[in-house]
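protein_22.cif (mmCIF, N, CA and C atoms and all ligand atoms)
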data_run
loop_
_atom_site.label_atom_id
_atom_site.label_comp_id
_atom_site.auth_asym_id
_atom_site.auth_seq_id
_atom_site.Cartn_x
_atom_site.Cartn_y
_atom_site.Cartn_z
N MET A 10 27.97 -87.27 -23.33
CA MET A 10 26.72 -86.52 -23.31
C MET A 10 26.62 -85.80 -21.97
N SER A 11 26.42 -84.49 -22.01
CA SER A 11 26.49 -83.73 -20.75
C SER A 11 25.12 -83.48 -20.13
N ILE A 12 24.05 -83.77 -20.87
CA ILE A 12 22.71 -83.48 -20.33
C ILE A 12 22.24 -84.66 -19.49
N GLN A 13 21.76 -84.36 -18.28
CA GLN A 13 21.27 -85.41 -17.40
C GLN A 13 19.92 -85.00 -16.84
N LEU A 14 19.04 -85.99 -16.69
CA LEU A 14 17.76 -85.72 -16.02
C LEU A 14 18.05 -85.43 -14.55
N ASP A 15 17.48 -84.35 -14.04
CA ASP A 15 17.73 -83.95 -12.65
C ASP A 15 16.55 -84.31 -11.75
N HIS A 16 15.33 -83.94 -12.14
CA HIS A 16 14.15 -84.27 -11.34
C HIS A 16 12.90 -84.26 -12.20
N ILE A 17 11.93 -84.98 -11.72
CA ILE A 17 10.60 -84.94 -12.34
C ILE A 17 9.57 -84.81 -11.22
N ILE A 18 8.42 -84.26 -11.56
CA ILE A 18 7.33 -84.15 -10.60
C ILE A 18 6.38 -85.31 -10.83
N VAL A 19 6.06 -86.01 -9.74
CA VAL A 19 5.13 -87.14 -9.83
C VAL A 19 3.87 -86.77 -9.04
N PRO A 20 2.74 -86.60 -9.70
CA PRO A 20 1.51 -86.25 -8.99
C PRO A 20 1.00 -87.43 -8.18
N ALA A 21 0.38 -87.13 -7.06
CA ALA A 21 -0.11 -88.20 -6.17
C ALA A 21 -1.30 -87.69 -5.37
N PRO A 22 -2.23 -88.57 -5.06
CA PRO A 22 -3.34 -88.15 -4.18
C PRO A 22 -2.86 -87.88 -2.76
N ASP A 23 -1.77 -88.55 -2.36
CA ASP A 23 -1.15 -88.33 -1.04
C ASP A 23 0.36 -88.45 -1.26
N LYS A 24 1.01 -87.31 -1.42
CA LYS A 24 2.44 -87.30 -1.79
C LYS A 24 3.30 -88.05 -0.79
N ARG A 25 2.99 -87.90 0.50
CA ARG A 25 3.79 -88.57 1.53
C ARG A 25 3.64 -90.08 1.41
N ALA A 26 2.42 -90.55 1.25
CA ALA A 26 2.17 -91.99 1.13
C ALA A 26 2.87 -92.56 -0.10
N SER A 27 2.78 -91.86 -1.22
CA SER A 27 3.40 -92.37 -2.45
C SER A 27 4.91 -92.35 -2.36
N ALA A 28 5.48 -91.28 -1.82
CA ALA A 28 6.94 -91.19 -1.71
C ALA A 28 7.46 -92.28 -0.77
N GLU A 29 6.80 -92.46 0.35
CA GLU A 29 7.26 -93.47 1.31
C GLU A 29 7.07 -94.89 0.77
N PHE A 30 6.00 -95.09 0.02
CA PHE A 30 5.79 -96.40 -0.62
C PHE A 30 6.95 -96.72 -1.55
N LEU A 31 7.26 -95.80 -2.46
CA LEU A 31 8.32 -96.07 -3.43
C LEU A 31 9.67 -96.23 -2.74
N ALA A 32 9.95 -95.36 -1.78
CA ALA A 32 11.23 -95.45 -1.06
C ALA A 32 11.35 -96.80 -0.36
N ARG A 33 10.29 -97.24 0.26
CA ARG A 33 10.33 -98.53 0.98
C ARG A 33 10.58 -99.67 0.00
N ILE A 34 9.86 -99.67 -1.11
CA ILE A 34 10.02 -100.74 -2.10
C ILE A 34 11.46 -100.79 -2.60
N LEU A 35 12.02 -99.63 -2.93
CA LEU A 35 13.34 -99.59 -3.57
C LEU A 35 14.49 -99.60 -2.56
N GLY A 36 14.20 -99.52 -1.28
CA GLY A 36 15.26 -99.47 -0.29
C GLY A 36 15.93 -98.10 -0.25
N LEU A 37 15.17 -97.06 -0.56
CA LEU A 37 15.67 -95.69 -0.52
C LEU A 37 15.01 -94.96 0.63
N GLU A 38 15.29 -93.66 0.74
CA GLU A 38 14.67 -92.85 1.79
C GLU A 38 13.88 -91.74 1.13
N ALA A 39 12.69 -91.48 1.66
CA ALA A 39 11.97 -90.28 1.26
C ALA A 39 12.58 -89.12 2.02
N GLY A 40 12.84 -88.02 1.34
CA GLY A 40 13.47 -86.87 1.96
C GLY A 40 12.47 -85.98 2.67
N ALA A 41 13.01 -84.94 3.32
CA ALA A 41 12.17 -83.95 3.98
C ALA A 41 11.40 -83.16 2.92
N GLN A 42 10.22 -82.71 3.29
CA GLN A 42 9.43 -81.93 2.35
C GLN A 42 10.18 -80.66 1.96
N THR A 43 10.20 -80.38 0.67
CA THR A 43 10.82 -79.18 0.13
C THR A 43 9.75 -78.46 -0.69
N GLY A 44 9.28 -77.32 -0.19
CA GLY A 44 8.16 -76.67 -0.86
C GLY A 44 6.98 -77.64 -0.88
N PRO A 45 6.35 -77.82 -2.03
CA PRO A 45 5.20 -78.73 -2.08
C PRO A 45 5.59 -80.19 -2.34
N PHE A 46 6.89 -80.49 -2.32
CA PHE A 46 7.36 -81.80 -2.78
C PHE A 46 7.90 -82.68 -1.65
N ILE A 47 7.69 -83.99 -1.81
CA ILE A 47 8.40 -84.99 -1.00
C ILE A 47 9.33 -85.70 -1.97
N PRO A 48 10.65 -85.54 -1.81
CA PRO A 48 11.59 -86.08 -2.79
C PRO A 48 12.03 -87.51 -2.47
N VAL A 49 12.23 -88.27 -3.55
CA VAL A 49 12.90 -89.57 -3.46
C VAL A 49 13.99 -89.53 -4.52
N THR A 50 15.25 -89.65 -4.11
CA THR A 50 16.37 -89.53 -5.03
C THR A 50 17.00 -90.89 -5.27
N THR A 51 17.20 -91.23 -6.54
CA THR A 51 17.77 -92.52 -6.91
C THR A 51 19.30 -92.45 -6.94
N GLY A 52 19.92 -93.59 -7.13
CA GLY A 52 21.37 -93.69 -7.07
C GLY A 52 22.10 -92.89 -8.13
N ASN A 53 21.44 -92.58 -9.23
CA ASN A 53 22.10 -91.75 -10.25
C ASN A 53 21.70 -90.29 -10.14
N GLY A 54 21.16 -89.91 -8.98
CA GLY A 54 20.93 -88.50 -8.69
C GLY A 54 19.67 -87.91 -9.25
N VAL A 55 18.79 -88.72 -9.80
CA VAL A 55 17.51 -88.21 -10.30
C VAL A 55 16.51 -88.21 -9.14
N THR A 56 15.83 -87.08 -8.96
CA THR A 56 14.85 -86.97 -7.88
C THR A 56 13.44 -87.02 -8.44
N LEU A 57 12.63 -87.89 -7.83
CA LEU A 57 11.19 -87.89 -8.09
C LEU A 57 10.57 -87.03 -7.01
N ASP A 58 9.98 -85.92 -7.41
CA ASP A 58 9.35 -85.00 -6.46
C ASP A 58 7.85 -85.28 -6.44
N PHE A 59 7.40 -85.95 -5.41
CA PHE A 59 5.97 -86.26 -5.29
C PHE A 59 5.23 -85.02 -4.83
N MET A 60 4.11 -84.73 -5.50
CA MET A 60 3.33 -83.53 -5.21
C MET A 60 1.85 -83.89 -5.19
N ASP A 61 1.15 -83.38 -4.20
CA ASP A 61 -0.29 -83.63 -4.14
C ASP A 61 -0.98 -83.07 -5.38
N ALA A 62 -1.84 -83.89 -5.95
CA ALA A 62 -2.58 -83.49 -7.14
C ALA A 62 -3.77 -84.42 -7.30
N ASP A 63 -4.71 -84.02 -8.10
CA ASP A 63 -5.77 -84.94 -8.48
C ASP A 63 -6.10 -84.70 -9.95
N GLY A 64 -6.77 -85.66 -10.52
CA GLY A 64 -7.15 -85.53 -11.91
C GLY A 64 -6.03 -85.77 -12.89
N PHE A 65 -4.98 -86.47 -12.46
CA PHE A 65 -3.85 -86.71 -13.37
C PHE A 65 -3.98 -88.08 -14.03
N ARG A 66 -3.26 -88.23 -15.12
CA ARG A 66 -3.18 -89.53 -15.78
C ARG A 66 -1.97 -90.28 -15.23
N PRO A 67 -2.04 -91.61 -15.17
CA PRO A 67 -0.91 -92.37 -14.65
C PRO A 67 0.34 -92.19 -15.50
N HIS A 68 1.47 -92.11 -14.82
CA HIS A 68 2.77 -92.04 -15.47
C HIS A 68 3.42 -93.42 -15.42
N HIS A 69 4.56 -93.52 -16.09
CA HIS A 69 5.36 -94.74 -16.01
C HIS A 69 6.78 -94.35 -15.62
N CYS A 70 7.30 -94.97 -14.57
CA CYS A 70 8.67 -94.72 -14.14
C CYS A 70 9.36 -96.08 -14.00
N ALA A 71 10.53 -96.21 -14.57
CA ALA A 71 11.27 -97.48 -14.52
C ALA A 71 12.60 -97.27 -13.81
N PHE A 72 12.95 -98.25 -12.98
CA PHE A 72 14.17 -98.16 -12.17
C PHE A 72 15.06 -99.35 -12.49
N LEU A 73 16.27 -99.04 -12.89
CA LEU A 73 17.27 -100.07 -13.13
C LEU A 73 17.88 -100.43 -11.78
N VAL A 74 17.78 -101.71 -11.39
CA VAL A 74 18.22 -102.13 -10.06
C VAL A 74 19.27 -103.22 -10.19
N PRO A 75 20.20 -103.30 -9.24
CA PRO A 75 21.19 -104.39 -9.28
C PRO A 75 20.48 -105.73 -9.14
N ASP A 76 20.98 -106.73 -9.86
CA ASP A 76 20.35 -108.05 -9.80
C ASP A 76 20.26 -108.56 -8.37
N GLU A 77 21.29 -108.29 -7.57
CA GLU A 77 21.29 -108.81 -6.20
C GLU A 77 20.27 -108.11 -5.30
N GLU A 78 19.71 -107.00 -5.75
CA GLU A 78 18.68 -106.32 -4.96
C GLU A 78 17.27 -106.68 -5.43
N PHE A 79 17.17 -107.39 -6.54
CA PHE A 79 15.84 -107.66 -7.11
C PHE A 79 14.97 -108.48 -6.16
N ASP A 80 15.54 -109.52 -5.57
CA ASP A 80 14.73 -110.39 -4.71
C ASP A 80 14.11 -109.61 -3.55
N GLY A 81 14.89 -108.76 -2.91
CA GLY A 81 14.37 -107.96 -1.79
C GLY A 81 13.30 -106.99 -2.25
N ILE A 82 13.54 -106.35 -3.38
CA ILE A 82 12.56 -105.41 -3.92
C ILE A 82 11.27 -106.16 -4.26
N PHE A 83 11.40 -107.30 -4.90
CA PHE A 83 10.21 -108.06 -5.28
C PHE A 83 9.45 -108.53 -4.04
N ALA A 84 10.17 -108.93 -3.01
CA ALA A 84 9.52 -109.34 -1.75
C ALA A 84 8.73 -108.17 -1.16
N ARG A 85 9.33 -106.98 -1.20
CA ARG A 85 8.62 -105.82 -0.63
C ARG A 85 7.43 -105.42 -1.48
N ILE A 86 7.51 -105.61 -2.79
CA ILE A 86 6.34 -105.36 -3.65
C ILE A 86 5.21 -106.29 -3.24
N LYS A 87 5.53 -107.56 -3.09
CA LYS A 87 4.49 -108.54 -2.72
C LYS A 87 3.92 -108.22 -1.34
N GLU A 88 4.80 -107.90 -0.39
CA GLU A 88 4.33 -107.57 0.98
C GLU A 88 3.42 -106.35 0.99
N SER A 89 3.67 -105.43 0.06
CA SER A 89 2.91 -104.17 0.07
C SER A 89 1.45 -104.37 -0.32
N GLY A 90 1.17 -105.48 -1.00
CA GLY A 90 -0.18 -105.69 -1.50
C GLY A 90 -0.45 -105.00 -2.82
N ALA A 91 0.57 -104.34 -3.37
CA ALA A 91 0.40 -103.67 -4.66
C ALA A 91 0.15 -104.70 -5.76
N ARG A 92 -0.60 -104.29 -6.76
CA ARG A 92 -0.78 -105.14 -7.93
C ARG A 92 0.53 -105.19 -8.69
N TYR A 93 0.96 -106.38 -9.10
CA TYR A 93 2.19 -106.48 -9.89
C TYR A 93 1.99 -107.46 -11.03
N TYR A 94 2.76 -107.25 -12.09
CA TYR A 94 2.54 -107.99 -13.33
C TYR A 94 3.81 -107.95 -14.17
N ALA A 95 3.89 -108.89 -15.11
CA ALA A 95 5.13 -109.09 -15.85
C ALA A 95 5.30 -108.17 -17.05
N HIS A 96 4.19 -107.72 -17.63
CA HIS A 96 4.28 -107.07 -18.94
C HIS A 96 3.61 -105.68 -18.92
N PRO A 97 4.09 -104.77 -19.78
CA PRO A 97 3.58 -103.40 -19.74
C PRO A 97 2.11 -103.27 -20.09
N ASP A 98 1.54 -104.28 -20.76
CA ASP A 98 0.10 -104.21 -21.06
C ASP A 98 -0.75 -104.70 -19.88
N GLY A 99 -0.09 -105.00 -18.76
CA GLY A 99 -0.83 -105.42 -17.57
C GLY A 99 -1.03 -106.93 -17.49
N SER A 100 -0.57 -107.65 -18.50
CA SER A 100 -0.71 -109.11 -18.46
C SER A 100 0.40 -109.72 -17.60
N GLY A 101 0.23 -111.01 -17.31
CA GLY A 101 1.20 -111.69 -16.47
C GLY A 101 1.06 -111.31 -15.00
N ALA A 102 -0.18 -111.20 -14.53
CA ALA A 102 -0.41 -110.84 -13.12
C ALA A 102 0.29 -111.84 -12.21
N GLY A 103 0.97 -111.31 -11.20
CA GLY A 103 1.64 -112.17 -10.22
C GLY A 103 2.93 -112.79 -10.72
N GLU A 104 3.41 -112.33 -11.87
CA GLU A 104 4.63 -112.90 -12.45
C GLU A 104 5.66 -111.80 -12.70
N ILE A 105 6.89 -112.23 -12.94
CA ILE A 105 7.93 -111.31 -13.38
C ILE A 105 8.28 -111.65 -14.83
N ASN A 106 9.05 -110.79 -15.48
CA ASN A 106 9.53 -111.09 -16.83
C ASN A 106 11.04 -111.31 -16.80
N THR A 107 11.54 -111.89 -17.87
CA THR A 107 12.99 -112.13 -18.00
C THR A 107 13.51 -111.51 -19.30
N ARG A 108 12.97 -110.36 -19.61
CA ARG A 108 13.34 -109.66 -20.84
C ARG A 108 14.85 -109.39 -20.88
N ASP A 109 15.43 -109.60 -22.02
CA ASP A 109 16.85 -109.32 -22.26
C ASP A 109 17.78 -110.06 -21.30
N GLY A 110 17.29 -111.20 -20.80
CA GLY A 110 18.13 -112.00 -19.93
C GLY A 110 18.19 -111.52 -18.49
N GLY A 111 17.40 -110.50 -18.16
CA GLY A 111 17.37 -110.01 -16.79
C GLY A 111 16.06 -110.39 -16.13
N ARG A 112 15.73 -109.69 -15.06
CA ARG A 112 14.45 -109.88 -14.40
C ARG A 112 13.78 -108.52 -14.25
N GLY A 113 12.47 -108.52 -14.39
CA GLY A 113 11.74 -107.26 -14.27
C GLY A 113 10.32 -107.50 -13.85
N VAL A 114 9.72 -106.48 -13.29
CA VAL A 114 8.31 -106.56 -12.88
C VAL A 114 7.74 -105.14 -12.83
N TYR A 115 6.47 -105.05 -13.11
CA TYR A 115 5.73 -103.78 -13.02
C TYR A 115 4.87 -103.83 -11.77
N PHE A 116 4.67 -102.68 -11.15
CA PHE A 116 3.75 -102.64 -10.00
C PHE A 116 3.08 -101.27 -9.96
N THR A 117 1.90 -101.27 -9.37
CA THR A 117 1.11 -100.05 -9.33
C THR A 117 1.30 -99.37 -7.99
N ASP A 118 1.66 -98.09 -8.03
CA ASP A 118 1.89 -97.36 -6.78
C ASP A 118 0.56 -96.80 -6.26
N PRO A 119 0.57 -96.23 -5.05
CA PRO A 119 -0.71 -95.77 -4.47
C PRO A 119 -1.42 -94.72 -5.31
N GLY A 120 -0.70 -94.00 -6.16
CA GLY A 120 -1.32 -93.01 -7.03
C GLY A 120 -1.78 -93.56 -8.36
N GLY A 121 -1.56 -94.85 -8.58
CA GLY A 121 -1.98 -95.47 -9.84
C GLY A 121 -0.92 -95.47 -10.91
N HIS A 122 0.29 -94.98 -10.59
CA HIS A 122 1.35 -94.97 -11.58
C HIS A 122 1.91 -96.37 -11.82
N ALA A 123 2.32 -96.62 -13.05
CA ALA A 123 2.91 -97.91 -13.40
C ALA A 123 4.41 -97.83 -13.17
N MET A 124 4.86 -98.39 -12.07
CA MET A 124 6.28 -98.41 -11.75
C MET A 124 6.87 -99.72 -12.27
N GLU A 125 8.15 -99.69 -12.56
CA GLU A 125 8.82 -100.88 -13.11
C GLU A 125 10.21 -100.97 -12.49
N VAL A 126 10.63 -102.15 -12.15
CA VAL A 126 12.03 -102.40 -11.81
C VAL A 126 12.55 -103.44 -12.80
N LEU A 127 13.79 -103.26 -13.22
CA LEU A 127 14.40 -104.18 -14.17
C LEU A 127 15.90 -104.26 -13.88
N THR A 128 16.47 -105.41 -14.14
CA THR A 128 17.89 -105.61 -13.83
C THR A 128 18.78 -105.44 -15.05
N VAL A 129 18.19 -105.44 -16.23
CA VAL A 129 18.93 -105.25 -17.48
C VAL A 129 18.16 -104.21 -18.30
N PRO A 130 18.82 -103.17 -18.81
CA PRO A 130 18.10 -102.16 -19.59
C PRO A 130 17.49 -102.75 -20.85
N TYR A 131 16.45 -102.10 -21.35
CA TYR A 131 15.80 -102.54 -22.58
C TYR A 131 16.86 -102.69 -23.68
N GLY A 132 16.83 -103.83 -24.34
CA GLY A 132 17.78 -104.08 -25.41
C GLY A 132 19.08 -104.69 -24.94
N GLY A 133 19.23 -104.85 -23.62
CA GLY A 133 20.45 -105.44 -23.08
C GLY A 133 21.50 -104.38 -22.82
N TRP A 134 22.54 -104.82 -22.16
CA TRP A 134 23.65 -103.89 -21.84
C TRP A 134 24.38 -103.52 -23.11
N ALA A 135 24.73 -102.25 -23.23
CA ALA A 135 25.52 -101.81 -24.38
C ALA A 135 26.92 -102.41 -24.27
N PRO A 136 27.51 -102.77 -25.40
CA PRO A 136 28.87 -103.28 -25.33
C PRO A 136 29.81 -102.22 -24.74
N ALA A 137 30.78 -102.67 -23.98
CA ALA A 137 31.74 -101.72 -23.40
C ALA A 137 32.44 -100.99 -24.54
N SER A 138 32.57 -99.68 -24.39
CA SER A 138 33.25 -98.93 -25.43
C SER A 138 34.74 -99.12 -25.29
N VAL A 139 35.38 -99.11 -26.40
CA VAL A 139 36.84 -99.28 -26.42
C VAL A 139 37.45 -97.94 -26.76
N SER A 140 38.32 -97.46 -25.89
CA SER A 140 38.94 -96.17 -26.16
C SER A 140 40.37 -96.40 -26.65
N GLY A 141 40.88 -95.40 -27.27
CA GLY A 141 42.27 -95.46 -27.66
C GLY A 141 42.43 -95.71 -29.09
FE FE O 201 9.26 -99.31 -19.07
#

Rewrite the coordinates I just gave you, this time as C-alpha cells.
Ligand SMILES: [Fe+2]
Amino acid sequence: MSIQLDHIIVPAPDKRASAEFLARILGLEAGAQTGPFIPVTTGNGVTLDFMDADGFRPHHCAFLVPDEEFDGIFARIKESGARYYAHPDGSGAGEINTRDGGRGVYFTDPGGHAMEVLTVPYGGWAPASVSG
C-alpha cells in the first residue's frame, strides 16, 4: 500500500503548550514553529501540527509505543497531572488496560483531546506475511 498519512492538524487553545506536553509525554521533540503550526513528528513520519484554535471538538489520537517505553511514558503521564483512564468511554480512572495482551492507557491533553498509547495494535499483531 503506497498511501501514507503525512500530517494532521490538531487544534489547541495554546499550540505550544499542547505540542510540548505531547512531546514530553512521548519522549519526542516539538519542532520549530512552521507557519501557524508547532509540529510533533512520530517515529513513522506522521506529523501532528498543533494550531491555535477555539471552539473545536476533542479529537482522538493513538500512538503505538514499544513495550519497553510504556513505563516511562506512563510515569510522565502521571507526573503531568493529566487525567488518565483505561477505557475509551472514560472508565477505569487511574488504571491502564491490557487489551490484546498489551498495555494501553488514555489521557487527556491540555486541549481536551483524548490521547492514547498502546503497545499492541487493536486486534493484536498481524501474522507475519510469508513471501515466496
Ligand atoms: Fe483508540

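Comparing the minimum interatomic distances between ligand FE 201 (chain O) and each of A:Phe59, A:Gly121, A:Ala137, A:Ala71, counting only N, CA and C atoms and all ligand atoms, we find that A:Ala71 sits nearest.
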
Taking all atoms listed in the file and a cut-off of 7 Å, can you tell me which residues surround ligand FE 201 (chain O), written as a short mmCIF file (atom, residue, chain, number, x, y, z; two decimals) with N, CA and C atoms, in the frame of the given file?
data_model
loop_
_atom_site.label_atom_id
_atom_site.label_comp_id
_atom_site.auth_asym_id
_atom_site.auth_seq_id
_atom_site.Cartn_x
_atom_site.Cartn_y
_atom_site.Cartn_z
N HIS A 69 4.56 -93.52 -16.09
CA HIS A 69 5.36 -94.74 -16.01
C HIS A 69 6.78 -94.35 -15.62
N CYS A 70 7.30 -94.97 -14.57
CA CYS A 70 8.67 -94.72 -14.14
C CYS A 70 9.36 -96.08 -14.00
N ALA A 71 10.53 -96.21 -14.57
CA ALA A 71 11.27 -97.48 -14.52
C ALA A 71 12.60 -97.27 -13.81
N GLU A 125 8.15 -99.69 -12.56
CA GLU A 125 8.82 -100.88 -13.11
C GLU A 125 10.21 -100.97 -12.49
#

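Between atom N of Leu35 in chain A and CA of Ser11 in chain A the separation is 27.9 Å.
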
**Request:** Would you please extract all alpha helix (DSSP H) residues from chain A, as assigned by DSSP on the backbone, and give them as a ChimeraX atom specification?
**Result:** /A:24-35,76-89

With the cut-off set at 8 Å and counting all atoms listed in the file, tabulate each residue of range 87-135 of chain A with an atom at most that distance from an atom of range 77-80 of chain A, showing the nearest atom pair and its distance in Å to one decimal, ordered by chain and increasing number, as CSV.
residue,atom,partner,partner_atom,distance
A:Arg112,C,A:Phe79,CA,7.5
A:Val126,C,A:Phe79,CA,7.8
A:Leu127,C,A:Phe79,CA,7.6
A:Thr128,CA,A:Phe79,CA,7.3

**Prompt:** Within 5 Å of Met124 in chain A, counting all atoms listed in the file, which residues qualify if same-chain residues fewer than 3 places away don't, as a ChimeraX atom specification?
**Reply:** /A:70,115-117

**Message:** DSSP on the backbone: which residues in chain A end up as strand (DSSP E or B)? Give the answer as a ChimeraX atom specification.
**Reply:** /A:16-21,39,43,46-50,56-61,69-73,93-94,102,106,113-117,123-127

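Atom to atom, atom N of Ala91 in chain A and atom C of Thr51 in chain A stand 22.5 Å apart.
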
**Near-range 15-26 of chain A list (6 Å; only C-alpha atoms; drop same-chain fewer than 6 positions) as a ChimeraX atom specification** = /A:55-63,120

Based on the selection just made, write N, CA and C atoms of those residues as a PDB file, in the coordinates of the input.
ATOM      1  N   VAL A  55      18.790 -88.720  -9.800  1.00  0.00           N
ATOM      2  CA  VAL A  55      17.510 -88.210 -10.300  1.00  0.00           C
ATOM      3  C   VAL A  55      16.510 -88.210  -9.140  1.00  0.00           C
ATOM      4  N   THR A  56      15.830 -87.080  -8.960  1.00  0.00           N
ATOM      5  CA  THR A  56      14.850 -86.970  -7.880  1.00  0.00           C
ATOM      6  C   THR A  56      13.440 -87.020  -8.440  1.00  0.00           C
ATOM      7  N   LEU A  57      12.630 -87.890  -7.830  1.00  0.00           N
ATOM      8  CA  LEU A  57      11.190 -87.890  -8.090  1.00  0.00           C
ATOM      9  C   LEU A  57      10.570 -87.030  -7.010  1.00  0.00           C
ATOM     10  N   ASP A  58       9.980 -85.920  -7.410  1.00  0.00           N
ATOM     11  CA  ASP A  58       9.350 -85.000  -6.460  1.00  0.00           C
ATOM     12  C   ASP A  58       7.850 -85.280  -6.440  1.00  0.00           C
ATOM     13  N   PHE A  59       7.400 -85.950  -5.410  1.00  0.00           N
ATOM     14  CA  PHE A  59       5.970 -86.260  -5.290  1.00  0.00           C
ATOM     15  C   PHE A  59       5.230 -85.020  -4.830  1.00  0.00           C
ATOM     16  N   MET A  60       4.110 -84.730  -5.500  1.00  0.00           N
ATOM     17  CA  MET A  60       3.330 -83.530  -5.210  1.00  0.00           C
ATOM     18  C   MET A  60       1.850 -83.890  -5.190  1.00  0.00           C
ATOM     19  N   ASP A  61       1.150 -83.380  -4.200  1.00  0.00           N
ATOM     20  CA  ASP A  61      -0.290 -83.630  -4.140  1.00  0.00           C
ATOM     21  C   ASP A  61      -0.980 -83.070  -5.380  1.00  0.00           C
ATOM     22  N   ALA A  62      -1.840 -83.890  -5.950  1.00  0.00           N
ATOM     23  CA  ALA A  62      -2.580 -83.490  -7.140  1.00  0.00           C
ATOM     24  C   ALA A  62      -3.770 -84.420  -7.300  1.00  0.00           C
ATOM     25  N   ASP A  63      -4.710 -84.020  -8.100  1.00  0.00           N
ATOM     26  CA  ASP A  63      -5.770 -84.940  -8.480  1.00  0.00           C
ATOM     27  C   ASP A  63      -6.100 -84.700  -9.950  1.00  0.00           C
ATOM     28  N   GLY A 120      -0.700 -94.000  -6.160  1.00  0.00           N
ATOM     29  CA  GLY A 120      -1.320 -93.010  -7.030  1.00  0.00           C
ATOM     30  C   GLY A 120      -1.780 -93.560  -8.360  1.00  0.00           C
TER      31      GLY A 120
END

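Each of A:Arg108, A:Ile82, A:Gly64, A:Gly113 was checked against Tyr94 in chain A using only N, CA and C atoms; the smallest atom-to-atom distance is that of A:Gly113.
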
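Going from atom C of Trp134 in chain A to atom N of Val74 in chain A covers 13.6 Å.
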